[in-house]
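**Q** First, the structure itself, so that you have it in front of you.
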Amino acid sequence: MDRTELAPLIDHTVLGPETTTADVRAVLDDAETYGMNACIPPYAIEEAADYAPAVTLATVIGFPHGQNDHDVKRREGVLAWKAGADELDVVINVGRLKAGEDDVIRAELAEVVAAVPIPVKVIIETALLSDEEKHRACEAAVAADAAMVKTSTGFANGGATLEDVELMSEYLPVKASGGVGSYEEAIAMLETGAERIGASSGVDILEGAPDSSA
């Protein structure tokens, strides 16, 4: 896969707690130059939509731990969409999942999905889950009519693995996020079943790709 083919499959990401407006603009500049999408904090969406209108913008909801009240998540999603977000990455409440409250997870996700006319990806935070819990999280995302499932926030102790991508791809398209830092790693994720890559190192990934113009 060459650089041109790979670029639109990457959500070039900046979500750290010290993220500044300048950091967001740098990611948007890179995304526009290389043809990537961008995943940025909710506060920056409105300005980003004006600054880089050609870039597909994703933002995060209930980030990073997913413990917000469901009404807050729904409202956050609506505000992000109205501000210019093209996609939402929503963190599930891992504690609810571990407590067996799958019906609450499904209802919460379904509220967000129903509230916005844009794709919703569900971050299940695989590093914190058993395989059985990963299956249940994916089932909840399917039941809520989510567009994709995503491996990680990047804030837990672990990121995307090939095994998790394979498991999750049985249910929905997968965004592999967390620890994907090279072209080879990105291609391995895609070949295993991922359809999107979330990475703060989008430029590095693409710089390692064959250049279709060469």
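Residue numbering restarts at 1 for every chain of the structure tokens, chains are lettered A, B, ... in their displayed order, and ligands are numbered from 1 as they appear.
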Find the residues near Ala49 of chain A: any atom within 9 Å, counting only C-alpha atoms, skip ones fewer than 5 places away on the same chain, and give them as a ChimeraX atom specification.
**A** /A:44,54-57,83-85
**Q** Distance table requested - segment 21-130 of chain A against segment 178-199 of chain A, cut-off 12 Å, only C-alpha atoms: one row per qualifying residue with the closest atom pair and its distance in Å to one decimal, ordered by chain and rising residue number, as a Markdown table.
**A**
| residue | atom | partner | partner_atom | distance |
| --- | --- | --- | --- | --- |
| A:Val27 | CA | A:Ala199 | CA | 11.0 |
| A:Ala31 | CA | A:Ala199 | CA | 11.7 |
| A:Met36 | CA | A:Ile197 | CA | 10.3 |
| A:Asn37 | CA | A:Gly198 | CA | 9.4 |
| A:Ala38 | CA | A:Gly198 | CA | 9.0 |
| A:Cys39 | CA | A:Gly198 | CA | 8.0 |
| A:Ile40 | CA | A:Gly198 | CA | 11.1 |
| A:Ala58 | CA | A:Gly198 | CA | 10.4 |
| A:Thr59 | CA | A:Gly198 | CA | 11.6 |
| A:Asp89 | CA | A:Gly198 | CA | 10.7 |
| A:Lys121 | CA | A:Arg196 | CA | 10.7 |
| A:Ile123 | CA | A:Gly178 | CA | 11.2 |
| A:Glu125 | CA | A:Gly178 | CA | 9.8 |
| A:Thr126 | CA | A:Gly178 | CA | 10.2 |
| A:Ala127 | CA | A:Gly178 | CA | 10.0 |
**Q** If DSSP is run on the backbone, what residues of segment 52-212 of chain A are helix (DSSP H, G or I)? A reply as a short mmCIF file (atom, residue, chain, number, x, y, z; two decimals) with N, CA, C and O atoms, in the first residue's frame would be ideal.
**A**
data_model
loop_
_atom_site.label_atom_id
_atom_site.label_comp_id
_atom_site.auth_asym_id
_atom_site.auth_seq_id
_atom_site.Cartn_x
_atom_site.Cartn_y
_atom_site.Cartn_z
N HIS A 70 -24.48 9.52 31.13
CA HIS A 70 -24.85 9.30 29.72
C HIS A 70 -25.45 10.56 29.08
O HIS A 70 -25.27 10.80 27.88
N ASP A 71 -26.15 11.38 29.86
CA ASP A 71 -26.69 12.62 29.31
C ASP A 71 -25.57 13.57 28.91
O ASP A 71 -25.68 14.31 27.92
N VAL A 72 -24.50 13.56 29.68
CA VAL A 72 -23.34 14.41 29.37
C VAL A 72 -22.69 13.94 28.08
O VAL A 72 -22.33 14.75 27.21
N LYS A 73 -22.55 12.63 27.92
CA LYS A 73 -21.95 12.10 26.68
C LYS A 73 -22.79 12.47 25.46
O LYS A 73 -22.26 12.88 24.42
N ARG A 74 -24.10 12.30 25.61
CA ARG A 74 -24.97 12.63 24.47
C ARG A 74 -24.86 14.11 24.12
O ARG A 74 -24.72 14.48 22.94
N ARG A 75 -24.92 14.96 25.14
CA ARG A 75 -24.83 16.39 24.90
C ARG A 75 -23.46 16.77 24.32
O ARG A 75 -23.37 17.61 23.42
N GLU A 76 -22.42 16.16 24.84
CA GLU A 76 -21.08 16.41 24.33
C GLU A 76 -20.98 16.05 22.85
O GLU A 76 -20.38 16.76 22.05
N GLY A 77 -21.60 14.92 22.50
CA GLY A 77 -21.60 14.50 21.11
C GLY A 77 -22.33 15.48 20.20
O GLY A 77 -21.87 15.81 19.10
N VAL A 78 -23.48 15.95 20.65
CA VAL A 78 -24.25 16.92 19.86
C VAL A 78 -23.48 18.22 19.69
O VAL A 78 -23.42 18.79 18.59
N LEU A 79 -22.89 18.70 20.77
CA LEU A 79 -22.12 19.94 20.69
C LEU A 79 -20.94 19.80 19.72
O LEU A 79 -20.65 20.72 18.94
N ALA A 80 -20.26 18.65 19.77
CA ALA A 80 -19.12 18.43 18.88
C ALA A 80 -19.57 18.39 17.42
O ALA A 80 -18.92 18.97 16.54
N TRP A 81 -20.67 17.71 17.16
CA TRP A 81 -21.19 17.66 15.79
C TRP A 81 -21.56 19.06 15.30
O TRP A 81 -21.19 19.46 14.19
N LYS A 82 -22.26 19.81 16.12
CA LYS A 82 -22.67 21.16 15.70
C LYS A 82 -21.48 22.08 15.52
O LYS A 82 -21.52 23.02 14.72
N ALA A 83 -20.39 21.80 16.24
CA ALA A 83 -19.18 22.62 16.10
C ALA A 83 -18.40 22.29 14.84
O ALA A 83 -17.52 23.05 14.44
N VAL A 94 -16.03 1.46 31.24
CA VAL A 94 -15.44 0.14 31.49
C VAL A 94 -15.96 -0.45 32.80
O VAL A 94 -16.20 -1.66 32.90
N GLY A 95 -16.14 0.39 33.80
CA GLY A 95 -16.65 -0.10 35.07
C GLY A 95 -18.02 -0.72 34.94
O GLY A 95 -18.31 -1.77 35.54
N ARG A 96 -18.89 -0.08 34.17
CA ARG A 96 -20.22 -0.65 33.92
C ARG A 96 -20.11 -2.00 33.22
O ARG A 96 -20.82 -2.95 33.57
N LEU A 97 -19.21 -2.09 32.25
CA LEU A 97 -19.03 -3.35 31.53
C LEU A 97 -18.57 -4.45 32.48
O LEU A 97 -19.10 -5.56 32.47
N LYS A 98 -17.59 -4.12 33.31
CA LYS A 98 -17.05 -5.12 34.23
C LYS A 98 -18.08 -5.54 35.27
O LYS A 98 -18.03 -6.65 35.81
N ASP A 102 -24.36 -4.51 30.83
CA ASP A 102 -24.29 -4.35 29.39
C ASP A 102 -25.47 -3.56 28.83
O ASP A 102 -25.34 -2.84 27.84
N ASP A 103 -26.63 -3.70 29.48
CA ASP A 103 -27.80 -2.97 29.01
C ASP A 103 -27.60 -1.46 29.15
O ASP A 103 -28.05 -0.68 28.29
N VAL A 104 -26.89 -1.04 30.20
CA VAL A 104 -26.61 0.38 30.38
C VAL A 104 -25.63 0.86 29.30
O VAL A 104 -25.79 1.95 28.74
N ILE A 105 -24.62 0.05 29.02
CA ILE A 105 -23.66 0.38 27.95
C ILE A 105 -24.39 0.55 26.62
O ILE A 105 -24.18 1.53 25.89
N ARG A 106 -25.23 -0.41 26.28
CA ARG A 106 -25.96 -0.35 25.01
C ARG A 106 -26.83 0.90 24.92
O ARG A 106 -26.85 1.60 23.90
N ALA A 107 -27.56 1.18 26.00
CA ALA A 107 -28.47 2.33 25.99
C ALA A 107 -27.70 3.64 25.86
O ALA A 107 -28.11 4.54 25.11
N GLU A 108 -26.59 3.74 26.58
CA GLU A 108 -25.78 4.96 26.52
C GLU A 108 -25.24 5.20 25.12
O GLU A 108 -25.33 6.31 24.57
N LEU A 109 -24.68 4.16 24.52
CA LEU A 109 -24.14 4.29 23.16
C LEU A 109 -25.24 4.61 22.16
O LEU A 109 -25.05 5.44 21.25
N ALA A 110 -26.38 3.94 22.32
CA ALA A 110 -27.49 4.16 21.38
C ALA A 110 -27.98 5.60 21.45
O ALA A 110 -28.36 6.19 20.43
N GLU A 111 -27.95 6.20 22.64
CA GLU A 111 -28.35 7.60 22.78
C GLU A 111 -27.44 8.52 21.98
O GLU A 111 -27.90 9.44 21.31
N VAL A 112 -26.15 8.27 22.07
CA VAL A 112 -25.20 9.10 21.34
C VAL A 112 -25.38 8.91 19.83
O VAL A 112 -25.44 9.88 19.07
N VAL A 113 -25.48 7.66 19.40
CA VAL A 113 -25.64 7.37 17.97
C VAL A 113 -26.90 8.04 17.43
O VAL A 113 -26.90 8.62 16.33
N ALA A 114 -28.00 7.95 18.19
CA ALA A 114 -29.28 8.51 17.72
C ALA A 114 -29.28 10.03 17.70
O ALA A 114 -30.06 10.65 16.97
N ALA A 115 -28.39 10.64 18.50
CA ALA A 115 -28.41 12.09 18.66
C ALA A 115 -27.67 12.84 17.57
O ALA A 115 -27.84 14.06 17.43
N THR A 126 -9.27 -1.93 25.14
CA THR A 126 -8.96 -3.37 25.19
C THR A 126 -7.94 -3.75 26.27
O THR A 126 -8.01 -4.85 26.81
N ALA A 127 -7.00 -2.86 26.59
CA ALA A 127 -5.97 -3.21 27.57
C ALA A 127 -6.55 -3.49 28.95
O ALA A 127 -5.90 -4.13 29.77
N LEU A 128 -7.76 -3.03 29.20
CA LEU A 128 -8.39 -3.22 30.50
C LEU A 128 -9.39 -4.37 30.52
O LEU A 128 -9.98 -4.63 31.57
N ASP A 131 -10.92 -11.13 27.12
CA ASP A 131 -11.50 -11.42 25.81
C ASP A 131 -13.03 -11.50 25.90
O ASP A 131 -13.73 -11.02 24.99
N GLU A 132 -13.54 -12.09 26.96
CA GLU A 132 -14.99 -12.18 27.11
C GLU A 132 -15.61 -10.80 27.20
O GLU A 132 -16.66 -10.53 26.59
N GLU A 133 -14.96 -9.89 27.90
CA GLU A 133 -15.46 -8.51 28.00
C GLU A 133 -15.34 -7.78 26.68
O GLU A 133 -16.20 -6.96 26.34
N LYS A 134 -14.29 -8.05 25.92
CA LYS A 134 -14.15 -7.43 24.60
C LYS A 134 -15.29 -7.85 23.69
O LYS A 134 -15.85 -7.02 22.95
N HIS A 135 -15.66 -9.13 23.72
CA HIS A 135 -16.79 -9.59 22.92
C HIS A 135 -18.07 -8.85 23.33
O HIS A 135 -18.83 -8.40 22.47
N ARG A 136 -18.29 -8.74 24.63
CA ARG A 136 -19.51 -8.08 25.10
C ARG A 136 -19.53 -6.60 24.74
O ARG A 136 -20.56 -6.03 24.38
N ALA A 137 -18.38 -5.94 24.82
CA ALA A 137 -18.29 -4.53 24.43
C ALA A 137 -18.61 -4.35 22.95
O ALA A 137 -19.34 -3.42 22.57
N CYS A 138 -18.08 -5.23 22.13
CA CYS A 138 -18.36 -5.16 20.69
C CYS A 138 -19.83 -5.44 20.40
O CYS A 138 -20.44 -4.80 19.53
N GLU A 139 -20.41 -6.39 21.11
CA GLU A 139 -21.83 -6.69 20.95
C GLU A 139 -22.69 -5.47 21.29
O GLU A 139 -23.68 -5.17 20.62
N ALA A 140 -22.29 -4.75 22.35
CA ALA A 140 -23.02 -3.54 22.72
C ALA A 140 -22.91 -2.48 21.63
O ALA A 140 -23.88 -1.78 21.32
N ALA A 141 -21.73 -2.34 21.03
CA ALA A 141 -21.54 -1.37 19.95
C ALA A 141 -22.40 -1.72 18.74
O ALA A 141 -23.00 -0.83 18.12
N VAL A 142 -22.48 -3.00 18.42
CA VAL A 142 -23.33 -3.44 17.30
C VAL A 142 -24.79 -3.12 17.61
O VAL A 142 -25.53 -2.58 16.77
N ALA A 143 -25.23 -3.46 18.81
CA ALA A 143 -26.62 -3.24 19.20
C ALA A 143 -26.98 -1.76 19.17
O ALA A 143 -28.14 -1.39 18.90
N LEU A 162 -2.65 -7.12 17.38
CA LEU A 162 -3.22 -7.84 16.24
C LEU A 162 -4.33 -8.77 16.70
O LEU A 162 -5.35 -8.93 16.01
N GLU A 163 -4.15 -9.38 17.88
CA GLU A 163 -5.17 -10.30 18.39
C GLU A 163 -6.48 -9.57 18.66
O GLU A 163 -7.57 -10.08 18.35
N ASP A 164 -6.40 -8.37 19.22
CA ASP A 164 -7.62 -7.62 19.49
C ASP A 164 -8.29 -7.15 18.21
O ASP A 164 -9.51 -7.16 18.09
N VAL A 165 -7.50 -6.72 17.25
CA VAL A 165 -8.07 -6.30 15.96
C VAL A 165 -8.81 -7.47 15.31
O VAL A 165 -9.92 -7.30 14.80
N GLU A 166 -8.22 -8.64 15.35
CA GLU A 166 -8.86 -9.82 14.77
C GLU A 166 -10.18 -10.12 15.47
O GLU A 166 -11.20 -10.39 14.83
N LEU A 167 -10.18 -10.07 16.80
CA LEU A 167 -11.40 -10.34 17.57
C LEU A 167 -12.48 -9.30 17.25
O LEU A 167 -13.64 -9.64 16.96
N MET A 168 -12.13 -8.05 17.28
CA MET A 168 -13.10 -6.97 17.10
C MET A 168 -13.65 -6.91 15.70
O MET A 168 -14.81 -6.53 15.49
N TYR A 183 5.11 2.37 9.57
CA TYR A 183 4.39 1.86 8.40
C TYR A 183 4.14 0.37 8.52
O TYR A 183 3.03 -0.11 8.25
N GLU A 184 5.14 -0.37 8.95
CA GLU A 184 5.01 -1.82 9.04
C GLU A 184 3.94 -2.21 10.05
O GLU A 184 3.14 -3.13 9.81
N GLU A 185 3.90 -1.52 11.19
CA GLU A 185 2.88 -1.81 12.19
C GLU A 185 1.49 -1.46 11.68
O GLU A 185 0.53 -2.21 11.91
N ALA A 186 1.37 -0.35 10.99
CA ALA A 186 0.07 0.04 10.44
C ALA A 186 -0.42 -0.99 9.42
O ALA A 186 -1.60 -1.39 9.44
N ILE A 187 0.44 -1.43 8.54
CA ILE A 187 0.05 -2.40 7.53
C ILE A 187 -0.35 -3.72 8.18
O ILE A 187 -1.32 -4.37 7.77
N ALA A 188 0.37 -4.13 9.21
CA ALA A 188 0.01 -5.37 9.92
C ALA A 188 -1.39 -5.27 10.50
O ALA A 188 -2.17 -6.24 10.45
N MET A 189 -1.73 -4.12 11.07
CA MET A 189 -3.07 -3.93 11.62
C MET A 189 -4.13 -3.99 10.52
O MET A 189 -5.18 -4.63 10.67
N LEU A 190 -3.86 -3.34 9.41
CA LEU A 190 -4.81 -3.34 8.31
C LEU A 190 -4.99 -4.74 7.71
O LEU A 190 -6.09 -5.16 7.39
N GLU A 191 -3.89 -5.46 7.59
CA GLU A 191 -3.96 -6.81 7.03
C GLU A 191 -4.69 -7.77 7.96
O GLU A 191 -5.25 -8.78 7.52
N THR A 192 -4.71 -7.45 9.25
CA THR A 192 -5.39 -8.30 10.23
C THR A 192 -6.88 -7.99 10.30
O THR A 192 -7.65 -8.79 10.83
N GLY A 202 1.27 9.86 12.62
CA GLY A 202 0.79 9.65 11.26
C GLY A 202 1.81 10.00 10.19
O GLY A 202 1.95 9.29 9.19
N VAL A 203 2.55 11.08 10.41
CA VAL A 203 3.56 11.49 9.43
C VAL A 203 4.65 10.44 9.34
O VAL A 203 5.09 10.06 8.23
N ASP A 204 5.13 9.95 10.47
CA ASP A 204 6.17 8.92 10.47
C ASP A 204 5.70 7.66 9.74
O ASP A 204 6.47 7.04 8.99
N ILE A 205 4.46 7.29 9.97
CA ILE A 205 3.91 6.11 9.29
C ILE A 205 3.94 6.31 7.78
O ILE A 205 4.39 5.44 7.02
N LEU A 206 3.48 7.47 7.34
CA LEU A 206 3.42 7.72 5.90
C LEU A 206 4.79 7.91 5.28
O LEU A 206 5.02 7.53 4.12
N GLU A 207 5.72 8.47 6.03
CA GLU A 207 7.08 8.65 5.51
C GLU A 207 7.75 7.30 5.27
O GLU A 207 8.69 7.17 4.46
#
**Q** Rank nothing, just name the residue among A:Glu18, A:Glu5, A:Glu47, A:Glu87 nearest to Tyr34 of chain A, using only C-alpha atoms.
**A** A:Glu5
**Q** Restricting the calculation to only C-alpha atoms: of A:Gly158, A:Gly35, A:Gly66, A:Pro210, which residue gets closest to Asp11 of chain A?
**A**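 Closest to Asp11 of chain A of all the choices is A:Gly35.
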**Q** Write down as a PDB file with C-alpha atoms, in the first residue's frame the residues belonging to segment 24-186 of chain A that are assigned strand (DSSP E or B) by DSSP computed on the backbone.
**A**
ATOM      1  CA  ASN A  37      -7.913  12.733   8.860  1.00  0.00           C
ATOM      2  CA  ALA A  38      -7.383  14.419  12.246  1.00  0.00           C
ATOM      3  CA  CYS A  39      -8.508  13.412  15.737  1.00  0.00           C
ATOM      4  CA  ILE A  40      -8.408  16.383  18.099  1.00  0.00           C
ATOM      5  CA  LEU A  57     -12.328  15.872  11.854  1.00  0.00           C
ATOM      6  CA  ALA A  58     -12.868  13.293  14.569  1.00  0.00           C
ATOM      7  CA  THR A  59     -13.118  14.134  18.239  1.00  0.00           C
ATOM      8  CA  VAL A  60     -13.497  12.215  21.485  1.00  0.00           C
ATOM      9  CA  ILE A  61     -16.479  11.909  23.807  1.00  0.00           C
ATOM     10  CA  GLU A  87     -16.896  11.642  13.459  1.00  0.00           C
ATOM     11  CA  LEU A  88     -17.115  10.882  17.184  1.00  0.00           C
ATOM     12  CA  ASP A  89     -14.951   8.452  19.166  1.00  0.00           C
ATOM     13  CA  VAL A  90     -16.925   7.585  22.324  1.00  0.00           C
ATOM     14  CA  VAL A  91     -15.346   5.847  25.322  1.00  0.00           C
ATOM     15  CA  VAL A 120     -19.770   7.023  15.986  1.00  0.00           C
ATOM     16  CA  LYS A 121     -16.769   4.878  16.859  1.00  0.00           C
ATOM     17  CA  VAL A 122     -16.819   3.074  20.209  1.00  0.00           C
ATOM     18  CA  ILE A 123     -13.562   2.964  22.180  1.00  0.00           C
ATOM     19  CA  MET A 148     -16.819   1.245  14.200  1.00  0.00           C
ATOM     20  CA  VAL A 149     -15.077  -0.092  17.288  1.00  0.00           C
ATOM     21  CA  LYS A 150     -11.740   1.317  18.424  1.00  0.00           C
ATOM     22  CA  VAL A 174     -11.979  -1.537  13.566  1.00  0.00           C
ATOM     23  CA  LYS A 175      -9.896   1.536  14.314  1.00  0.00           C
ATOM     24  CA  ALA A 176      -6.549   0.314  15.651  1.00  0.00           C
ATOM     25  CA  SER A 177      -5.260   2.960  18.020  1.00  0.00           C
TER      26      SER A 177
END
**Q** Please measure the separation of atom CA of Phe155 of chain A and atom CA of Met1 of chain A, giving the value in Å to one decimal.
**A**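 Atom-to-atom, atom CA of Phe155 of chain A and atom CA of Met1 of chain A are spaced 29.3 Å apart.
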**Q** What does the distance between atom CA of Ala52 of chain A and atom CA of Ala7 of chain A come to in Å, to one decimal place?
**A**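 Spanning atom CA of Ala52 of chain A to atom CA of Ala7 of chain A is a straight-line distance of 16.3 Å.
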**Q** What gap, in Å, lies between atom CA of Leu129 of chain A and atom CA of Thr13 of chain A?
**A**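 Spanning atom CA of Leu129 of chain A to atom CA of Thr13 of chain A is a straight-line distance of 23.4 Å.
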**Q** Of the candidates A:Asn68, A:Ile92, A:Gly16, A:Gly100, which one gets nearest to Thr151 of chain A if we count only C-alpha atoms?
**A** A:Ile92
